[in-house]
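Reviewing the structure listed below.
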Amino acid sequence: MSGTGLQKLAFFLLLALTFYVAATGGGTGGG
Amino acid sequence: MAERFGGPYSPDNSRREKPGTPSRKHPFEGRRPTRAGGRVNMLFFAPFPLVLTAFGENAAGLAVDLAAFGTLILAAWLTREGELAHEAYEARKVARRPAIPRKIFASVLTGVGLFLGGFAPGVSVLNPVIFGLLGAVLHFLAFGPDPLKDKGMEGVDRFQQHRVGRAVEEGEKYLASMREAIQRVGDRHLIRRVEQFQTTARDLFRTVEEDPRDLTAARRYLGVYLMGARDATVKFADIWTRTKDQKARADYETLLTDLETNFAARTRTLLLDDRSDLDVEIEVLRDRLAREGLSINGKGEAQ
């Protein structure tokens, strides 16, 4: 994937978000 | 499988390119790094903590987490397929939009997956909804929508276009199985030769795609000849792996050179046709302008 800065930023945020939700259940006690 | 190294300047004279062979394009010409590698694959790894934490929960939590995991993996897979389809779309001059908007589905599925991942029975759904929306928007920003319009189809007979598309698809299939067969041989030189032939063949594909009227003239090249080339490659691979017959190898290389010369010549003729079309267009337009009573002097000024 080659893209603009915005695309890259969005991608890494998405990755971080997925990882966070997966690891902690989003802090809701789920996950 | 191990491959023997050998480039054009290796001390094995028999493999050196003979003078007089048609000049070849670099096998990477016109290629771009794939967008479906590297980072996209990381999407497959991010949801894995869900599997680890899922088994520390009660039955409902376990089910929800596993569903979230499955949805996110499905989204990652759709993203990758979508990027591949998008790439194929961009590589062609004339292309139909993908039948399934995979990347858009992937954005939605990412949202659903993150909602499920953050969801816990009996707790407010506000947080999971925020996660889901955020995920879907970020995914959309990162990968964008699929191509939603047909490209280069204006004024083109759809039926002809469809026929061209099918013929090219068939040709690509032959090329793919040729490559598979020659990979078995594991000889860098031959693999490179086949790749070069593929580049030449794809030149012809693109030319036909550009002007579907060329299909009649190129039909045999995309079908029968490529099928013959594939069959020859498969047979050669069988023989070479068993007997290492040098003569078969020489014959096969000659065949590849012949094919390449023929394909390149065919592409050139088709392009010449296009050229004469252009000449006709120019002539007609000039005639009409001349009839308007305007004549153009040598300096390009109207009188």
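By convention here, the chains of the structure tokens are called A, B, ... in the order presented, each chain's residues are numbered starting at 1, and ligands are numbered starting at 1 in the order presented.
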
Given only C-alpha atoms, how would the per-residue table for chain B near chain A read, listing every residue at most 8 Å away with its closest atom pair and distance in Å to one decimal, sorted by chain and number, as JSON lines?
```
{"residue": "B:Thr34", "atom": "CA", "partner": "A:Met1", "partner_atom": "CA", "distance": 6.9}
{"residue": "B:Arg35", "atom": "CA", "partner": "A:Met1", "partner_atom": "CA", "distance": 3.6}
{"residue": "B:Ala36", "atom": "CA", "partner": "A:Met1", "partner_atom": "CA", "distance": 6.0}
{"residue": "B:Gly37", "atom": "CA", "partner": "A:Met1", "partner_atom": "CA", "distance": 6.9}
{"residue": "B:Gly38", "atom": "CA", "partner": "A:Met1", "partner_atom": "CA", "distance": 7.4}
{"residue": "B:Arg39", "atom": "CA", "partner": "A:Met1", "partner_atom": "CA", "distance": 6.7}
{"residue": "B:Val40", "atom": "CA", "partner": "A:Met1", "partner_atom": "CA", "distance": 7.0}
{"residue": "B:Met42", "atom": "CA", "partner": "A:Leu15", "partner_atom": "CA", "distance": 7.8}
{"residue": "B:Leu43", "atom": "CA", "partner": "A:Leu15", "partner_atom": "CA", "distance": 6.7}
{"residue": "B:Ala46", "atom": "CA", "partner": "A:Phe19", "partner_atom": "CA", "distance": 5.0}
{"residue": "B:Pro47", "atom": "CA", "partner": "A:Ala22", "partner_atom": "CA", "distance": 5.5}
{"residue": "B:Phe48", "atom": "CA", "partner": "A:Ala22", "partner_atom": "CA", "distance": 7.1}
{"residue": "B:Pro49", "atom": "CA", "partner": "A:Ala23", "partner_atom": "CA", "distance": 5.1}
{"residue": "B:Leu50", "atom": "CA", "partner": "A:Ala22", "partner_atom": "CA", "distance": 4.7}
{"residue": "B:Thr53", "atom": "CA", "partner": "A:Gly31", "partner_atom": "CA", "distance": 6.3}
{"residue": "B:Ala54", "atom": "CA", "partner": "A:Gly31", "partner_atom": "CA", "distance": 6.5}
{"residue": "B:Gly61", "atom": "CA", "partner": "A:Gly30", "partner_atom": "CA", "distance": 6.7}
{"residue": "B:Asp65", "atom": "CA", "partner": "A:Gly31", "partner_atom": "CA", "distance": 6.1}
{"residue": "B:Leu114", "atom": "CA", "partner": "A:Thr18", "partner_atom": "CA", "distance": 6.8}
{"residue": "B:Gly117", "atom": "CA", "partner": "A:Gly31", "partner_atom": "CA", "distance": 5.6}
{"residue": "B:Gly118", "atom": "CA", "partner": "A:Gly25", "partner_atom": "CA", "distance": 4.7}
{"residue": "B:Phe119", "atom": "CA", "partner": "A:Gly30", "partner_atom": "CA", "distance": 5.6}
{"residue": "B:Ala120", "atom": "CA", "partner": "A:Gly30", "partner_atom": "CA", "distance": 4.3}
{"residue": "B:Pro121", "atom": "CA", "partner": "A:Gly30", "partner_atom": "CA", "distance": 7.7}
{"residue": "B:Val123", "atom": "CA", "partner": "A:Thr28", "partner_atom": "CA", "distance": 7.1}
{"residue": "B:Asn127", "atom": "CA", "partner": "A:Gly26", "partner_atom": "CA", "distance": 7.5}
{"residue": "B:Pro128", "atom": "CA", "partner": "A:Gly26", "partner_atom": "CA", "distance": 7.5}
{"residue": "B:Phe131", "atom": "CA", "partner": "A:Leu17", "partner_atom": "CA", "distance": 7.8}
{"residue": "B:Gly135", "atom": "CA", "partner": "A:Leu14", "partner_atom": "CA", "distance": 6.0}
{"residue": "B:Leu138", "atom": "CA", "partner": "A:Ala10", "partner_atom": "CA", "distance": 5.2}
{"residue": "B:His139", "atom": "CA", "partner": "A:Leu14", "partner_atom": "CA", "distance": 6.5}
{"residue": "B:Leu141", "atom": "CA", "partner": "A:Gln7", "partner_atom": "CA", "distance": 5.9}
{"residue": "B:Ala142", "atom": "CA", "partner": "A:Gln7", "partner_atom": "CA", "distance": 4.2}
{"residue": "B:Phe143", "atom": "CA", "partner": "A:Gln7", "partner_atom": "CA", "distance": 6.9}
```

field: Contacts of Lys151 of chain B at 10 Å (only C-alpha atoms; same-chain gap of 2+ positions) as an NGL selection string
entry: :B and (89-90 or 92-97 or 147-149 or 153-154)

Keeping only N, CA and C atoms, write those residues as a PDB file, in the first residue's frame.
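Printed below is result_2.pdb as written:
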```
ATOM      1  N   TYR B  89      -7.368  -3.174 -11.748  1.00  0.00           N
ATOM      2  CA  TYR B  89      -8.161  -2.143 -12.421  1.00  0.00           C
ATOM      3  C   TYR B  89      -7.251  -1.031 -12.923  1.00  0.00           C
ATOM      4  N   GLU B  90      -6.295  -0.641 -12.070  1.00  0.00           N
ATOM      5  CA  GLU B  90      -5.418   0.461 -12.460  1.00  0.00           C
ATOM      6  C   GLU B  90      -4.446   0.057 -13.558  1.00  0.00           C
ATOM      7  N   ARG B  92      -4.979  -1.840 -16.078  1.00  0.00           N
ATOM      8  CA  ARG B  92      -5.578  -1.948 -17.406  1.00  0.00           C
ATOM      9  C   ARG B  92      -6.048  -0.603 -17.915  1.00  0.00           C
ATOM     10  N   LYS B  93      -6.038  -0.491 -19.214  1.00  0.00           N
ATOM     11  CA  LYS B  93      -6.489   0.778 -19.788  1.00  0.00           C
ATOM     12  C   LYS B  93      -7.999   0.802 -19.872  1.00  0.00           C
ATOM     13  N   VAL B  94      -8.567  -0.378 -20.073  1.00  0.00           N
ATOM     14  CA  VAL B  94     -10.013  -0.487 -20.142  1.00  0.00           C
ATOM     15  C   VAL B  94     -10.407  -1.506 -19.091  1.00  0.00           C
ATOM     16  N   ALA B  95     -11.253  -1.098 -18.158  1.00  0.00           N
ATOM     17  CA  ALA B  95     -11.589  -2.048 -17.103  1.00  0.00           C
ATOM     18  C   ALA B  95     -13.002  -1.819 -16.621  1.00  0.00           C
ATOM     19  N   ARG B  96     -13.593  -2.896 -16.202  1.00  0.00           N
ATOM     20  CA  ARG B  96     -14.913  -2.789 -15.607  1.00  0.00           C
ATOM     21  C   ARG B  96     -14.724  -2.666 -14.108  1.00  0.00           C
ATOM     22  N   ARG B  97     -15.674  -2.005 -13.445  1.00  0.00           N
ATOM     23  CA  ARG B  97     -15.519  -1.897 -11.992  1.00  0.00           C
ATOM     24  C   ARG B  97     -15.670  -3.273 -11.367  1.00  0.00           C
ATOM     25  N   PRO B 147     -12.813   1.178  -6.974  1.00  0.00           N
ATOM     26  CA  PRO B 147     -13.221   1.884  -8.188  1.00  0.00           C
ATOM     27  C   PRO B 147     -14.682   1.569  -8.483  1.00  0.00           C
ATOM     28  N   LEU B 148     -15.507   2.602  -8.621  1.00  0.00           N
ATOM     29  CA  LEU B 148     -16.948   2.366  -8.762  1.00  0.00           C
ATOM     30  C   LEU B 148     -17.447   2.594 -10.174  1.00  0.00           C
ATOM     31  N   LYS B 149     -16.522   3.031 -11.046  1.00  0.00           N
ATOM     32  CA  LYS B 149     -16.954   3.295 -12.415  1.00  0.00           C
ATOM     33  C   LYS B 149     -16.149   2.452 -13.384  1.00  0.00           C
ATOM     34  N   MET B 153     -14.555   2.885 -21.103  1.00  0.00           N
ATOM     35  CA  MET B 153     -15.591   2.139 -21.815  1.00  0.00           C
ATOM     36  C   MET B 153     -16.467   3.040 -22.664  1.00  0.00           C
ATOM     37  N   GLU B 154     -16.144   4.341 -22.704  1.00  0.00           N
ATOM     38  CA  GLU B 154     -17.017   5.249 -23.439  1.00  0.00           C
ATOM     39  C   GLU B 154     -16.953   4.923 -24.925  1.00  0.00           C
TER      40      GLU B 154
END
```

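Near Val185 of chain B, within a cut-off of 12 Å and counting only C-alpha atoms, sit the residues Met1, Ala2, Glu3, Arg4, Met178, Arg179, Ile191, Arg192, Val194, Thr233, Val234, Lys235, Phe236, Ala237, Asp238, Ile239, Trp240, Thr241, Arg242, Thr243, Lys244 and Arg249 of chain B, with same-chain residues fewer than 6 positions away left out.
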
Just N, CA and C atoms for this one: save the residues we selected as a PDB file, in the first residue's frame.
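Final output, again_2.pdb:
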```pdb
ATOM      1  N   MET B   1      13.036 -24.443  -3.954  1.00  0.00           N
ATOM      2  CA  MET B   1      14.053 -25.206  -4.683  1.00  0.00           C
ATOM      3  C   MET B   1      15.240 -24.300  -4.987  1.00  0.00           C
ATOM      4  N   ALA B   2      16.463 -24.856  -4.933  1.00  0.00           N
ATOM      5  CA  ALA B   2      17.635 -24.031  -5.190  1.00  0.00           C
ATOM      6  C   ALA B   2      17.698 -23.676  -6.665  1.00  0.00           C
ATOM      7  N   GLU B   3      18.194 -22.486  -6.939  1.00  0.00           N
ATOM      8  CA  GLU B   3      18.325 -22.067  -8.329  1.00  0.00           C
ATOM      9  C   GLU B   3      19.789 -21.779  -8.610  1.00  0.00           C
ATOM     10  N   ARG B   4      20.216 -22.146  -9.782  1.00  0.00           N
ATOM     11  CA  ARG B   4      21.598 -21.849 -10.131  1.00  0.00           C
ATOM     12  C   ARG B   4      21.673 -20.396 -10.577  1.00  0.00           C
ATOM     13  N   MET B 178       2.030 -21.289 -17.715  1.00  0.00           N
ATOM     14  CA  MET B 178       3.394 -21.362 -18.256  1.00  0.00           C
ATOM     15  C   MET B 178       4.417 -21.070 -17.173  1.00  0.00           C
ATOM     16  N   ARG B 179       4.132 -20.027 -16.424  1.00  0.00           N
ATOM     17  CA  ARG B 179       5.064 -19.620 -15.377  1.00  0.00           C
ATOM     18  C   ARG B 179       5.186 -20.712 -14.318  1.00  0.00           C
ATOM     19  N   ILE B 191      13.490 -19.037 -16.529  1.00  0.00           N
ATOM     20  CA  ILE B 191      12.391 -18.304 -15.897  1.00  0.00           C
ATOM     21  C   ILE B 191      12.379 -16.867 -16.417  1.00  0.00           C
ATOM     22  N   ARG B 192      13.593 -16.290 -16.533  1.00  0.00           N
ATOM     23  CA  ARG B 192      13.653 -14.920 -17.029  1.00  0.00           C
ATOM     24  C   ARG B 192      13.176 -14.834 -18.475  1.00  0.00           C
ATOM     25  N   VAL B 194      11.001 -16.732 -19.921  1.00  0.00           N
ATOM     26  CA  VAL B 194       9.537 -16.834 -19.952  1.00  0.00           C
ATOM     27  C   VAL B 194       8.915 -15.520 -19.497  1.00  0.00           C
ATOM     28  N   THR B 233       5.681 -25.603 -22.858  1.00  0.00           N
ATOM     29  CA  THR B 233       6.404 -25.347 -21.617  1.00  0.00           C
ATOM     30  C   THR B 233       6.235 -26.496 -20.636  1.00  0.00           C
ATOM     31  N   VAL B 234       4.994 -26.990 -20.535  1.00  0.00           N
ATOM     32  CA  VAL B 234       4.742 -28.094 -19.607  1.00  0.00           C
ATOM     33  C   VAL B 234       5.542 -29.324 -20.023  1.00  0.00           C
ATOM     34  N   LYS B 235       5.506 -29.628 -21.312  1.00  0.00           N
ATOM     35  CA  LYS B 235       6.247 -30.799 -21.800  1.00  0.00           C
ATOM     36  C   LYS B 235       7.738 -30.626 -21.562  1.00  0.00           C
ATOM     37  N   PHE B 236       8.222 -29.416 -21.889  1.00  0.00           N
ATOM     38  CA  PHE B 236       9.647 -29.171 -21.715  1.00  0.00           C
ATOM     39  C   PHE B 236      10.039 -29.341 -20.253  1.00  0.00           C
ATOM     40  N   ALA B 237       9.208 -28.798 -19.355  1.00  0.00           N
ATOM     41  CA  ALA B 237       9.527 -28.906 -17.924  1.00  0.00           C
ATOM     42  C   ALA B 237       9.609 -30.376 -17.512  1.00  0.00           C
ATOM     43  N   ASP B 238       8.670 -31.187 -18.020  1.00  0.00           N
ATOM     44  CA  ASP B 238       8.702 -32.620 -17.704  1.00  0.00           C
ATOM     45  C   ASP B 238      10.003 -33.244 -18.181  1.00  0.00           C
ATOM     46  N   ILE B 239      10.346 -32.976 -19.445  1.00  0.00           N
ATOM     47  CA  ILE B 239      11.524 -33.603 -20.025  1.00  0.00           C
ATOM     48  C   ILE B 239      12.786 -33.126 -19.334  1.00  0.00           C
ATOM     49  N   TRP B 240      12.864 -31.834 -19.108  1.00  0.00           N
ATOM     50  CA  TRP B 240      14.081 -31.268 -18.537  1.00  0.00           C
ATOM     51  C   TRP B 240      14.307 -31.779 -17.117  1.00  0.00           C
ATOM     52  N   THR B 241      13.252 -31.857 -16.307  1.00  0.00           N
ATOM     53  CA  THR B 241      13.451 -32.327 -14.934  1.00  0.00           C
ATOM     54  C   THR B 241      13.882 -33.788 -14.937  1.00  0.00           C
ATOM     55  N   ARG B 242      13.445 -34.549 -15.943  1.00  0.00           N
ATOM     56  CA  ARG B 242      13.812 -35.966 -15.970  1.00  0.00           C
ATOM     57  C   ARG B 242      15.182 -36.205 -16.598  1.00  0.00           C
ATOM     58  N   THR B 243      15.421 -35.593 -17.760  1.00  0.00           N
ATOM     59  CA  THR B 243      16.609 -36.002 -18.528  1.00  0.00           C
ATOM     60  C   THR B 243      17.659 -34.917 -18.705  1.00  0.00           C
ATOM     61  N   LYS B 244      17.348 -33.682 -18.382  1.00  0.00           N
ATOM     62  CA  LYS B 244      18.290 -32.572 -18.618  1.00  0.00           C
ATOM     63  C   LYS B 244      18.790 -32.584 -20.064  1.00  0.00           C
ATOM     64  N   ARG B 249      16.264 -28.184 -24.479  1.00  0.00           N
ATOM     65  CA  ARG B 249      16.379 -26.841 -23.924  1.00  0.00           C
ATOM     66  C   ARG B 249      16.636 -25.809 -25.026  1.00  0.00           C
TER      67      ARG B 249
END
```

query: Mind checking DSSP for segment 72-296 of chain B and telling me the strand (DSSP E or B) residues as a ChimeraX atom specification?
result: /B:95,151,187,296

message: I need the residues in segment 53-282 of chain B that are alpha helix (DSSP H) according to DSSP; give them as an MDAnalysis selection string.
response: chainID B and resid 53:54 59:91 102:118 126:143 158:185 188:210 215:220 226:243 246:282

- prompt: What is the distance between atom CA of Gly165 of chain B and atom CA of Asp150 of chain B, in Å to one decimal?
  reply: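 Between atom CA of Gly165 of chain B and atom CA of Asp150 of chain B the gap is 12.9 Å.
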
query: To one decimal place, how far is atom CA of Arg288 of chain B from atom CA of Asp273 of chain B in Å?
result: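 Computing the Euclidean distance for atom CA of Arg288 of chain B and atom CA of Asp273 of chain B yields 22.9 Å.
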
task: For atom CA of Asp277 of chain B and atom CA of Gly223 of chain B, quote the distance in Å rounded to one decimal.
output: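 These atoms are spaced 26.1 Å apart.
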
message: Given only C-alpha atoms as the basis, pick out the residue of B:Val125, B:Ile73, B:Leu62, B:Leu270 nearest to Gly113 of chain B.
response: B:Ile73

message: Need the shell around Ala218 of chain B: protein/DNA/RNA residues with any atom at most 8 Å away, counting only C-alpha atoms. Skip same-chain ones fewer than 3 positions apart. Format as a list in words?
response: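 Within the cut-off, the hits are Val208, Asp214, Leu215, Tyr221, Leu222 and Arg266 of chain B.
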
message: Just want the 12 Å neighbourhood of Ala229 of chain B, counted on only C-alpha atoms, with same-chain residues fewer than 2 positions away dropped. Output as a ChimeraX atom specification.
response: /B:171,173-179,181-182,194,197-198,201,221-227,231-236,252-260,263

task: Determine, counting only C-alpha atoms, which protein, DNA and RNA residues have an atom within 12 Å of an atom of Asp274 of chain B; residues of the same chain fewer than 3 positions away are not included. Present the result as number ranges by chain.
output: B: 207-208, 210-214, 267-271, 277-281

statement: Nearest to Ala85 of chain B, restricted to only C-alpha atoms and choosing among B:Ala59, B:Gly122, B:Asp146, B:Val108, comes out as B:Asp146
